[in-house]
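Asks: Provided below: my_file_25.cif, containing mmCIF, C-alpha atoms.
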```cif
data_input
loop_
_atom_site.label_atom_id
_atom_site.label_comp_id
_atom_site.auth_asym_id
_atom_site.auth_seq_id
_atom_site.Cartn_x
_atom_site.Cartn_y
_atom_site.Cartn_z
CA MET A 1 46.66 12.85 255.07
CA ALA A 2 44.28 15.31 256.77
CA LYS A 3 45.96 18.19 254.91
CA ALA A 4 45.52 16.42 251.59
CA ALA A 5 41.81 15.77 252.31
CA ALA A 6 41.25 19.41 253.31
CA LYS A 7 43.05 20.62 250.20
CA LYS A 8 41.00 18.28 247.97
CA SER A 9 37.78 19.40 249.70
CA ALA A 10 38.61 23.07 249.20
CA ALA A 11 39.46 22.49 245.55
CA ALA A 12 36.16 20.67 244.95
CA ALA A 13 34.00 23.36 246.59
CA PRO A 14 31.70 24.84 243.99
CA SER A 15 32.02 28.48 243.14
CA VAL A 16 28.86 30.54 243.10
CA GLU A 17 28.79 33.79 241.23
CA ARG A 18 25.70 35.93 240.68
CA ARG A 19 25.77 37.26 237.16
CA PRO A 20 23.72 40.32 236.35
CA ALA A 21 20.74 39.65 234.10
CA LEU A 22 21.06 40.88 230.53
CA ILE A 23 24.80 41.52 230.96
CA GLY A 24 26.14 43.45 227.98
CA GLN A 25 22.75 43.92 226.34
CA GLU A 26 22.14 47.22 224.59
CA LEU A 27 20.48 48.40 221.43
CA SER A 28 20.61 51.58 219.44
CA ALA A 29 18.09 52.33 216.72
CA THR A 30 17.07 55.56 215.03
CA GLY A 31 15.56 57.73 217.76
CA VAL A 32 15.90 55.29 220.67
CA ALA A 33 18.55 53.51 222.71
CA LEU A 34 18.16 50.69 225.23
CA ALA A 35 20.70 49.92 227.93
CA VAL A 36 20.74 47.73 231.00
CA LEU A 37 21.39 49.92 234.02
CA PRO A 38 23.97 48.96 236.66
CA PRO A 39 22.77 46.98 239.69
CA ALA A 40 21.15 49.09 242.41
CA GLU A 41 19.91 48.61 245.96
CA ARG A 42 16.11 48.42 246.13
CA ILE A 43 13.44 47.97 248.75
CA SER A 44 9.72 47.50 248.66
CA LEU A 45 8.39 49.70 251.44
CA ARG A 46 4.94 49.67 253.03
CA ALA A 47 3.95 52.06 255.82
CA PRO A 48 0.95 53.96 257.20
CA ASP A 49 0.76 57.77 257.01
CA ALA A 50 1.92 58.12 260.61
CA SER A 51 5.28 56.51 259.73
CA VAL A 52 6.08 58.43 256.55
CA ALA A 53 7.92 61.37 258.15
CA ALA A 54 10.29 59.18 260.20
CA LEU A 55 10.98 56.88 257.23
CA SER A 56 11.59 59.86 254.93
CA LYS A 57 14.11 61.23 257.41
CA ALA A 58 15.90 57.87 257.74
CA LEU A 59 16.03 57.38 253.95
CA GLY A 60 17.13 60.93 253.22
CA VAL A 61 14.40 61.40 250.62
CA THR A 62 10.81 62.53 251.13
CA LEU A 63 8.45 59.67 250.36
CA PRO A 64 5.94 61.03 247.82
CA ARG A 65 2.27 60.90 248.80
CA LYS A 66 0.61 61.69 245.49
CA PRO A 67 -0.17 59.07 242.84
CA LYS A 68 2.21 58.84 239.87
CA THR A 69 5.00 60.79 241.59
CA SER A 70 8.57 60.24 242.70
CA ALA A 71 11.19 62.07 244.72
CA ALA A 72 14.96 61.91 244.37
CA ARG A 73 17.92 63.06 246.40
CA ALA A 74 21.61 62.15 246.40
CA GLY A 75 21.29 59.05 244.23
CA ARG A 76 18.22 57.68 245.99
CA THR A 77 14.75 57.69 244.40
CA ALA A 78 11.39 56.90 246.00
CA LEU A 79 8.52 56.00 243.66
CA TRP A 80 4.89 56.12 244.83
CA LEU A 81 3.20 52.81 243.96
CA GLY A 82 0.12 53.00 246.16
CA PRO A 83 -1.37 54.83 249.15
CA ASP A 84 1.02 53.05 251.52
CA GLU A 85 3.60 51.59 249.12
CA TRP A 86 6.89 52.79 247.60
CA LEU A 87 9.77 51.40 245.60
CA VAL A 88 13.02 52.90 246.88
CA ILE A 89 16.04 52.68 244.56
CA ASP A 90 19.56 53.60 245.64
CA GLU A 91 22.08 53.90 242.81
CA VAL A 92 25.11 54.94 244.87
CA GLY A 93 25.61 51.81 246.98
CA ARG A 94 23.91 52.80 250.22
CA ASP A 95 21.56 50.29 251.82
CA PRO A 96 18.00 51.61 252.23
CA LEU A 97 17.01 48.42 254.07
CA ALA A 98 19.60 49.16 256.76
CA ASP A 99 18.37 52.76 256.97
CA CYS A 100 14.81 51.54 257.55
CA ALA A 101 16.00 49.06 260.20
CA GLU A 102 17.03 52.02 262.36
CA VAL A 103 13.44 53.31 262.47
CA THR A 104 11.04 52.11 265.17
CA VAL A 105 7.79 53.29 263.54
CA LEU A 106 5.43 50.77 261.98
CA HIS A 107 6.58 49.72 258.49
CA SER A 108 7.55 46.78 256.33
CA ALA A 109 10.73 46.99 254.25
CA VAL A 110 11.84 44.09 252.04
CA GLY A 111 15.08 43.99 250.10
CA ILE A 112 14.39 43.31 246.41
CA SER A 113 17.74 44.31 244.92
CA HIS A 114 18.30 40.97 243.20
CA ARG A 115 14.68 40.60 242.10
CA ASN A 116 14.62 43.61 239.79
CA VAL A 117 16.48 44.67 236.66
CA ALA A 118 16.40 48.20 235.25
CA ILE A 119 16.47 49.10 231.56
CA SER A 120 17.02 52.62 230.29
CA VAL A 121 14.97 53.68 227.26
CA THR A 122 16.15 57.01 225.85
CA GLY A 123 15.74 59.17 222.77
CA PRO A 124 12.97 60.97 220.89
CA ALA A 125 11.22 57.64 220.17
CA ALA A 126 11.44 56.37 223.77
CA ALA A 127 7.77 56.98 224.60
CA ALA A 128 6.61 55.40 221.33
CA THR A 129 8.81 52.39 222.03
CA ILE A 130 7.29 51.84 225.47
CA ASN A 131 3.77 52.60 224.25
CA SER A 132 4.01 49.70 221.82
CA GLY A 133 3.17 47.48 224.79
CA CYS A 134 2.08 49.87 227.54
CA PRO A 135 -1.39 51.44 227.37
CA GLN A 136 -0.49 54.37 229.62
CA ASP A 137 -0.52 57.88 228.14
CA LEU A 138 3.17 58.85 228.10
CA SER A 139 2.72 62.37 226.76
CA LEU A 140 4.60 64.95 228.82
CA ASP A 141 1.29 66.47 229.92
CA ALA A 142 -0.02 63.19 231.32
CA PHE A 143 3.31 61.64 232.41
CA PRO A 144 5.79 64.45 233.15
CA VAL A 145 9.42 64.11 234.21
CA GLY A 146 9.44 62.43 237.63
CA ALA A 147 6.19 60.57 237.02
CA ALA A 148 6.19 56.94 238.12
CA SER A 149 3.69 54.11 237.99
CA ARG A 150 3.25 50.39 238.16
CA THR A 151 1.85 49.33 234.79
CA ILE A 152 2.24 46.62 232.15
CA LEU A 153 4.44 46.10 229.14
CA GLY A 154 3.15 43.35 226.89
CA LYS A 155 2.38 40.53 229.31
CA VAL A 156 4.41 41.63 232.33
CA GLU A 157 4.19 44.10 235.18
CA ILE A 158 6.77 46.89 235.16
CA VAL A 159 7.46 50.00 237.19
CA LEU A 160 8.00 52.97 234.92
CA LEU A 161 9.81 56.19 235.84
CA ARG A 162 10.24 59.15 233.50
CA THR A 163 13.75 60.47 234.18
CA ALA A 164 13.84 63.17 231.44
CA SER A 165 11.54 64.39 228.69
CA ASP A 166 12.95 61.68 226.40
CA ALA A 167 14.14 59.09 228.94
CA PHE A 168 12.57 56.34 231.04
CA ARG A 169 13.68 53.77 233.58
CA VAL A 170 11.85 50.46 233.18
CA GLU A 171 12.03 48.22 236.28
CA CYS A 172 11.01 44.59 235.84
CA TRP A 173 11.47 41.32 237.65
CA ARG A 174 14.70 39.54 236.77
CA SER A 175 12.79 36.47 235.56
CA PHE A 176 10.98 38.64 232.97
CA SER A 177 13.99 40.73 231.93
CA ASP A 178 14.76 38.77 228.74
CA TYR A 179 11.16 39.17 227.60
CA VAL A 180 11.07 42.88 228.46
CA PHE A 181 14.38 43.64 226.73
CA LEU A 182 13.39 41.67 223.60
CA PHE A 183 9.96 43.35 223.56
CA LEU A 184 11.54 46.81 223.85
CA SER A 185 14.14 45.92 221.19
CA GLU A 186 11.48 44.94 218.67
CA ALA A 187 9.44 48.02 219.55
CA ALA A 188 12.51 50.26 219.13
CA ARG A 189 13.13 48.85 215.67
CA ASP A 190 9.48 49.45 214.76
CA ALA A 191 9.60 53.00 216.16
CA ALA A 192 12.71 53.67 214.08
CA ALA A 193 11.08 52.46 210.87
#
```
Can the structure from this file be put into C-alpha coordinates for me?

Replies:
Amino acid sequence: MAKAAAKKSAAAAPSVERRPALIGQELSATGVALAVLPPAERISLRAPDASVAALSKALGVTLPRKPKTSAARAGRTALWLGPDEWLVIDEVGRDPLADCAEVTVLHSAVGISHRNVAISVTGPAAAATINSGCPQDLSLDAFPVGAASRTILGKVEIVLLRTASDAFRVECWRSFSDYVFLFLSEAARDAAA
(Lines of atoms letter the chains of each structure in order from A and count residues from 1; the text may use other names and numbers.)
(Lines give C-alpha, C1' and ligand atoms only; values in the text may rest on other atoms or scores of the structure.)
Protein backbone atom coordinates (compact mmCIF):
# COMPACT_ATOMS: atom_id res chain seq x y z
CA MET A 1 0.00 0.00 0.00
CA ALA A 2 2.88 2.37 0.82
CA LYS A 3 4.40 1.68 -2.60
CA ALA A 4 1.12 2.49 -4.33
CA ALA A 5 0.80 5.78 -2.38
CA ALA A 6 4.39 6.76 -3.22
CA LYS A 7 3.83 5.91 -6.88
CA LYS A 8 0.59 7.93 -6.97
CA SER A 9 2.31 10.86 -5.22
CA ALA A 10 5.19 10.84 -7.69
CA ALA A 11 2.80 10.70 -10.64
CA ALA A 12 0.81 13.66 -9.30
CA ALA A 13 3.86 15.87 -8.71
CA PRO A 14 3.63 18.90 -10.94
CA SER A 15 6.28 19.44 -13.55
CA VAL A 16 7.87 22.86 -13.73
CA GLU A 17 9.63 23.92 -16.87
CA ARG A 18 11.01 27.39 -17.54
CA ARG A 19 10.27 28.31 -21.11
CA PRO A 20 12.34 31.02 -22.74
CA ALA A 21 10.46 34.23 -23.42
CA LEU A 22 9.62 34.90 -27.06
CA ILE A 23 10.55 31.34 -28.06
CA GLY A 24 10.66 31.04 -31.84
CA GLN A 25 10.04 34.74 -32.48
CA GLU A 26 11.88 36.29 -35.40
CA LEU A 27 11.14 38.78 -38.12
CA SER A 28 12.78 39.66 -41.38
CA ALA A 29 11.86 42.79 -43.29
CA THR A 30 13.66 44.71 -46.01
CA GLY A 31 16.88 45.98 -44.43
CA VAL A 32 16.37 44.59 -40.92
CA ALA A 33 16.07 41.28 -39.09
CA LEU A 34 15.00 40.61 -35.51
CA ALA A 35 15.88 37.45 -33.61
CA VAL A 36 15.66 36.36 -30.01
CA LEU A 37 19.14 35.49 -28.81
CA PRO A 38 19.84 32.28 -26.87
CA PRO A 39 19.72 32.42 -23.06
CA ALA A 40 22.88 33.78 -21.44
CA GLU A 41 24.31 34.12 -17.94
CA ARG A 42 24.07 37.70 -16.66
CA ILE A 43 24.96 39.62 -13.54
CA SER A 44 24.36 43.13 -12.35
CA LEU A 45 27.64 44.21 -10.80
CA ARG A 46 28.31 47.18 -8.52
CA ALA A 47 31.77 47.98 -7.16
CA PRO A 48 33.98 50.90 -6.14
CA ASP A 49 37.10 51.82 -8.15
CA ALA A 50 39.36 50.01 -5.70
CA SER A 51 37.67 46.67 -6.54
CA VAL A 52 37.64 46.93 -10.33
CA ALA A 53 41.06 45.36 -10.99
CA ALA A 54 40.39 42.25 -8.88
CA LEU A 55 36.90 41.80 -10.36
CA SER A 56 38.23 42.25 -13.90
CA LYS A 57 40.82 39.55 -13.25
CA ALA A 58 38.22 37.15 -11.80
CA LEU A 59 35.80 37.74 -14.69
CA GLY A 60 38.47 37.49 -17.38
CA VAL A 61 37.37 40.75 -18.99
CA THR A 62 38.44 44.29 -18.14
CA LEU A 63 35.51 46.21 -16.69
CA PRO A 64 35.21 49.40 -18.75
CA ARG A 65 35.46 52.69 -16.87
CA LYS A 66 34.30 55.14 -19.52
CA PRO A 67 30.64 55.97 -20.17
CA LYS A 68 28.98 54.28 -23.15
CA THR A 69 31.66 51.58 -23.48
CA SER A 70 31.94 47.83 -23.29
CA ALA A 71 34.67 45.21 -23.27
CA ALA A 72 34.50 41.64 -24.52
CA ARG A 73 36.69 38.58 -24.25
CA ALA A 74 36.07 34.86 -24.82
CA GLY A 75 32.28 35.07 -24.96
CA ARG A 76 31.92 37.39 -21.98
CA THR A 77 30.94 41.06 -22.34
CA ALA A 78 30.98 43.80 -19.69
CA LEU A 79 28.86 46.90 -20.37
CA TRP A 80 29.42 50.15 -18.46
CA LEU A 81 26.09 51.36 -17.05
CA GLY A 82 27.28 53.88 -14.49
CA PRO A 83 30.35 55.01 -12.54
CA ASP A 84 30.20 51.88 -10.36
CA GLU A 85 27.80 49.65 -12.32
CA TRP A 86 28.16 47.04 -15.08
CA LEU A 87 26.04 44.45 -16.83
CA VAL A 88 28.12 41.32 -17.42
CA ILE A 89 26.84 38.88 -20.05
CA ASP A 90 28.35 35.44 -20.60
CA GLU A 91 27.20 33.68 -23.78
CA VAL A 92 29.31 30.52 -23.45
CA GLY A 93 27.80 29.02 -20.29
CA ARG A 94 30.28 30.14 -17.65
CA ASP A 95 28.90 31.60 -14.43
CA PRO A 96 30.08 35.17 -13.77
CA LEU A 97 28.32 35.14 -10.39
CA ALA A 98 30.48 32.22 -9.27
CA ASP A 99 33.59 34.02 -10.56
CA CYS A 100 32.71 37.08 -8.48
CA ALA A 101 32.07 34.92 -5.40
CA GLU A 102 35.76 34.02 -5.40
CA VAL A 103 36.76 37.67 -4.96
CA THR A 104 37.07 39.18 -1.47
CA VAL A 105 37.07 42.86 -2.50
CA LEU A 106 34.00 45.00 -1.87
CA HIS A 107 31.31 44.45 -4.53
CA SER A 108 27.72 43.44 -5.10
CA ALA A 109 26.93 40.87 -7.79
CA VAL A 110 23.36 39.76 -8.46
CA GLY A 111 22.38 37.04 -10.89
CA ILE A 112 19.82 38.36 -13.40
CA SER A 113 20.01 35.65 -16.04
CA HIS A 114 16.30 34.87 -15.94
CA ARG A 115 15.25 38.51 -15.65
CA ASN A 116 16.57 39.62 -19.04
CA VAL A 117 15.88 38.69 -22.65
CA ALA A 118 18.12 39.71 -25.55
CA ILE A 119 16.94 40.59 -29.05
CA SER A 120 19.26 40.97 -32.00
CA VAL A 121 18.47 43.78 -34.45
CA THR A 122 20.59 43.55 -37.60
CA GLY A 123 20.76 45.00 -41.09
CA PRO A 124 21.17 48.38 -42.77
CA ALA A 125 17.90 49.61 -41.21
CA ALA A 126 18.74 48.41 -37.68
CA ALA A 127 19.54 51.86 -36.29
CA ALA A 128 16.41 53.38 -37.86
CA THR A 129 14.34 50.57 -36.39
CA ILE A 130 15.64 51.20 -32.87
CA ASN A 131 15.48 54.98 -33.28
CA SER A 132 11.75 54.74 -33.89
CA GLY A 133 11.40 54.51 -30.11
CA CYS A 134 14.83 55.40 -28.75
CA PRO A 135 15.93 59.05 -28.71
CA GLN A 136 19.65 58.24 -28.57
CA ASP A 137 21.83 59.23 -31.53
CA LEU A 138 22.79 55.87 -33.08
CA SER A 139 25.03 57.22 -35.81
CA LEU A 140 28.39 55.45 -35.94
CA ASP A 141 30.12 58.67 -34.88
CA ALA A 142 28.04 59.03 -31.72
CA PHE A 143 27.44 55.33 -30.98
CA PRO A 144 30.32 53.30 -32.46
CA VAL A 145 30.74 49.52 -32.43
CA GLY A 146 31.14 48.47 -28.79
CA ALA A 147 29.10 51.38 -27.45
CA ALA A 148 26.61 50.49 -24.74
CA SER A 149 24.04 52.40 -22.74
CA ARG A 150 20.96 52.11 -20.62
CA THR A 151 18.22 53.97 -22.47
CA ILE A 152 14.54 53.68 -23.38
CA LEU A 153 12.60 52.11 -26.21
CA GLY A 154 9.03 53.33 -26.31
CA LYS A 155 7.88 53.03 -22.70
CA VAL A 156 10.50 50.65 -21.34
CA GLU A 157 14.10 50.69 -20.18
CA ILE A 158 16.56 48.74 -22.30
CA VAL A 159 20.30 48.20 -22.38
CA LEU A 160 21.63 48.71 -25.88
CA LEU A 161 24.92 47.36 -27.23
CA ARG A 162 26.20 47.98 -30.75
CA THR A 163 27.83 44.71 -31.84
CA ALA A 164 28.67 45.70 -35.45
CA SER A 165 28.14 48.71 -37.69
CA ASP A 166 24.70 47.36 -38.60
CA ALA A 167 23.90 45.20 -35.55
CA PHE A 168 22.63 45.77 -32.01
CA ARG A 169 21.84 43.69 -28.95
CA VAL A 170 18.74 44.92 -27.11
CA GLU A 171 18.50 43.69 -23.51
CA CYS A 172 15.15 44.10 -21.77
CA TRP A 173 13.36 42.67 -18.78
CA ARG A 174 11.53 39.43 -19.51
CA SER A 175 8.20 40.97 -18.44
CA PHE A 176 8.58 43.66 -21.14
CA SER A 177 9.94 41.37 -23.88
CA ASP A 178 6.62 40.95 -25.72
CA TYR A 179 6.20 44.73 -25.86
CA VAL A 180 9.79 45.30 -26.99
CA PHE A 181 9.66 42.63 -29.70
CA LEU A 182 6.29 43.90 -31.01
CA PHE A 183 7.54 47.50 -30.94
CA LEU A 184 10.69 46.55 -32.87
CA SER A 185 8.64 44.46 -35.32
CA GLU A 186 6.36 47.37 -36.16
CA ALA A 187 9.35 49.71 -36.42
CA ALA A 188 11.16 47.25 -38.73
CA ARG A 189 8.15 47.14 -41.03
CA ASP A 190 8.02 50.94 -41.07
CA ALA A 191 11.78 51.18 -41.73
CA ALA A 192 11.37 48.75 -44.63
CA ALA A 193 8.57 50.79 -46.21

Asks: If you count all atoms listed in the file, which residues fall within 8 Å of Ala58 in chain A, apart from same-chain ones fewer than 5 positions away, as number ranges by chain?

Replies: A: 99-100, 102-103

Asks: Of the candidates A:Ser120, A:Ser56, A:Ser28, A:Thr151, which one gets nearest to Val88 in chain A if we count all atoms listed in the file?

Replies: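 Closest candidate: A:Ser56.
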
Asks: Quick one: distance from CA of Leu37 in chain A to CA of Val117 in chain A in Å, one decimal?

Replies: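 CA of Val117 in chain A lies 7.7 Å from CA of Leu37 in chain A.
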
Asks: Apply the PyMOL selection byres ((chain A and resi 101) around 12) to the file shown and report the selected residues as a list in words.

Replies: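 The output of the PyMOL selection byres ((chain A and resi 101) around 12) on this file is Ile43, Leu45, Ala54, Leu55, Ala58, Leu59, Asp95, Pro96, Leu97, Ala98, Asp99, Cys100, Glu102, Val103, Thr104, Val105, Leu106, His107, Ser108, Ala109, Val110 and Gly111 of chain A.
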
Asks: Could you save the residues just selected, with C-alpha atoms, as a PDB file, in the coordinates of the input?

Replies:
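Result went into result39.pdb, see below:
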```pdb
ATOM      1  CA  ILE A  43      13.440  47.970 248.750  1.00  0.00           C
ATOM      2  CA  LEU A  45       8.390  49.700 251.440  1.00  0.00           C
ATOM      3  CA  ALA A  54      10.290  59.180 260.200  1.00  0.00           C
ATOM      4  CA  LEU A  55      10.980  56.880 257.230  1.00  0.00           C
ATOM      5  CA  ALA A  58      15.900  57.870 257.740  1.00  0.00           C
ATOM      6  CA  LEU A  59      16.030  57.380 253.950  1.00  0.00           C
ATOM      7  CA  ASP A  95      21.560  50.290 251.820  1.00  0.00           C
ATOM      8  CA  PRO A  96      18.000  51.610 252.230  1.00  0.00           C
ATOM      9  CA  LEU A  97      17.010  48.420 254.070  1.00  0.00           C
ATOM     10  CA  ALA A  98      19.600  49.160 256.760  1.00  0.00           C
ATOM     11  CA  ASP A  99      18.370  52.760 256.970  1.00  0.00           C
ATOM     12  CA  CYS A 100      14.810  51.540 257.550  1.00  0.00           C
ATOM     13  CA  GLU A 102      17.030  52.020 262.360  1.00  0.00           C
ATOM     14  CA  VAL A 103      13.440  53.310 262.470  1.00  0.00           C
ATOM     15  CA  THR A 104      11.040  52.110 265.170  1.00  0.00           C
ATOM     16  CA  VAL A 105       7.790  53.290 263.540  1.00  0.00           C
ATOM     17  CA  LEU A 106       5.430  50.770 261.980  1.00  0.00           C
ATOM     18  CA  HIS A 107       6.580  49.720 258.490  1.00  0.00           C
ATOM     19  CA  SER A 108       7.550  46.780 256.330  1.00  0.00           C
ATOM     20  CA  ALA A 109      10.730  46.990 254.250  1.00  0.00           C
ATOM     21  CA  VAL A 110      11.840  44.090 252.040  1.00  0.00           C
ATOM     22  CA  GLY A 111      15.080  43.990 250.100  1.00  0.00           C
TER      23      GLY A 111
END
```

Asks: Just checking: using all atoms listed in the file, which residue out of A:Leu27, A:Val121, A:Leu160, A:Ala188 ends up closest to Ala148 in chain A?

Replies: A:Leu160

Asks: Looking at A:Glu157, A:Glu91, A:Glu41, A:Asp137, which one is nearest to Ser177 in chain A, with distances taken over all atoms listed in the file?

Replies: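 Smallest separation from Ser177 in chain A among the options: A:Glu157.
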
Asks: Excluding same-chain residues fewer than 2 positions from Ala118 in chain A, what lies within 9 Å of it counting all atoms listed in the file, as an NGL selection string?

Replies: :A and (35-40 or 116 or 120 or 169-174 or 177)

Asks: From the list A:Pro67, A:Pro124, A:Pro135, A:Pro83, which residue is nearest Arg46 in chain A when using all atoms listed in the file?

Replies: A:Pro83

Asks: Mind rebuilding range 73-96 of chain A with N, CA and C atoms and writing that out as a short mmCIF file (atom, residue, chain, number, x, y, z; two decimals), in the coordinates of the input?

Replies:
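So selection28.cif came out as:
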```cif
data_model
loop_
_atom_site.label_atom_id
_atom_site.label_comp_id
_atom_site.auth_asym_id
_atom_site.auth_seq_id
_atom_site.Cartn_x
_atom_site.Cartn_y
_atom_site.Cartn_z
N ARG A 73 16.91 62.26 245.71
CA ARG A 73 17.92 63.06 246.40
C ARG A 73 19.17 62.22 246.60
N ALA A 74 20.30 62.75 246.17
CA ALA A 74 21.61 62.15 246.40
C ALA A 74 21.69 60.69 245.96
N GLY A 75 21.18 60.40 244.78
CA GLY A 75 21.29 59.05 244.23
C GLY A 75 20.25 58.07 244.71
N ARG A 76 19.29 58.54 245.48
CA ARG A 76 18.22 57.68 245.99
C ARG A 76 16.89 58.21 245.48
N THR A 77 16.05 57.32 244.96
CA THR A 77 14.75 57.69 244.40
C THR A 77 13.66 56.88 245.06
N ALA A 78 12.57 57.56 245.44
CA ALA A 78 11.39 56.90 246.00
C ALA A 78 10.24 57.08 245.03
N LEU A 79 9.63 55.98 244.62
CA LEU A 79 8.52 56.00 243.66
C LEU A 79 7.23 55.60 244.37
N TRP A 80 6.19 56.42 244.25
CA TRP A 80 4.89 56.12 244.83
C TRP A 80 4.25 55.01 244.00
N LEU A 81 3.88 53.90 244.66
CA LEU A 81 3.20 52.81 243.96
C LEU A 81 1.77 52.61 244.45
N GLY A 82 1.46 53.15 245.60
CA GLY A 82 0.12 53.00 246.16
C GLY A 82 0.01 53.86 247.40
N PRO A 83 -1.17 53.94 248.00
CA PRO A 83 -1.37 54.83 249.15
C PRO A 83 -0.41 54.57 250.31
N ASP A 84 0.09 53.36 250.43
CA ASP A 84 1.02 53.05 251.52
C ASP A 84 2.22 52.24 251.01
N GLU A 85 2.56 52.42 249.73
CA GLU A 85 3.60 51.59 249.12
C GLU A 85 4.55 52.40 248.24
N TRP A 86 5.86 52.12 248.38
CA TRP A 86 6.89 52.79 247.60
C TRP A 86 7.94 51.79 247.15
N LEU A 87 8.55 52.08 246.02
CA LEU A 87 9.77 51.40 245.60
C LEU A 87 10.89 52.40 245.82
N VAL A 88 11.89 52.02 246.60
CA VAL A 88 13.02 52.90 246.88
C VAL A 88 14.24 52.30 246.19
N ILE A 89 14.88 53.12 245.34
CA ILE A 89 16.04 52.68 244.56
C ILE A 89 17.24 53.54 244.97
N ASP A 90 18.33 52.88 245.31
CA ASP A 90 19.56 53.60 245.64
C ASP A 90 20.63 53.20 244.64
N GLU A 91 21.11 54.17 243.87
CA GLU A 91 22.08 53.90 242.81
C GLU A 91 23.52 54.21 243.20
N VAL A 92 23.75 54.59 244.46
CA VAL A 92 25.11 54.94 244.87
C VAL A 92 25.68 54.00 245.92
N GLY A 93 25.05 52.85 246.12
CA GLY A 93 25.61 51.81 246.98
C GLY A 93 25.25 51.87 248.45
N ARG A 94 24.37 52.80 248.84
CA ARG A 94 23.91 52.80 250.22
C ARG A 94 22.78 51.80 250.38
N ASP A 95 22.55 51.33 251.57
CA ASP A 95 21.56 50.29 251.82
C ASP A 95 20.29 50.86 252.44
N PRO A 96 19.23 51.05 251.66
CA PRO A 96 18.00 51.61 252.23
C PRO A 96 17.34 50.67 253.24
#
```
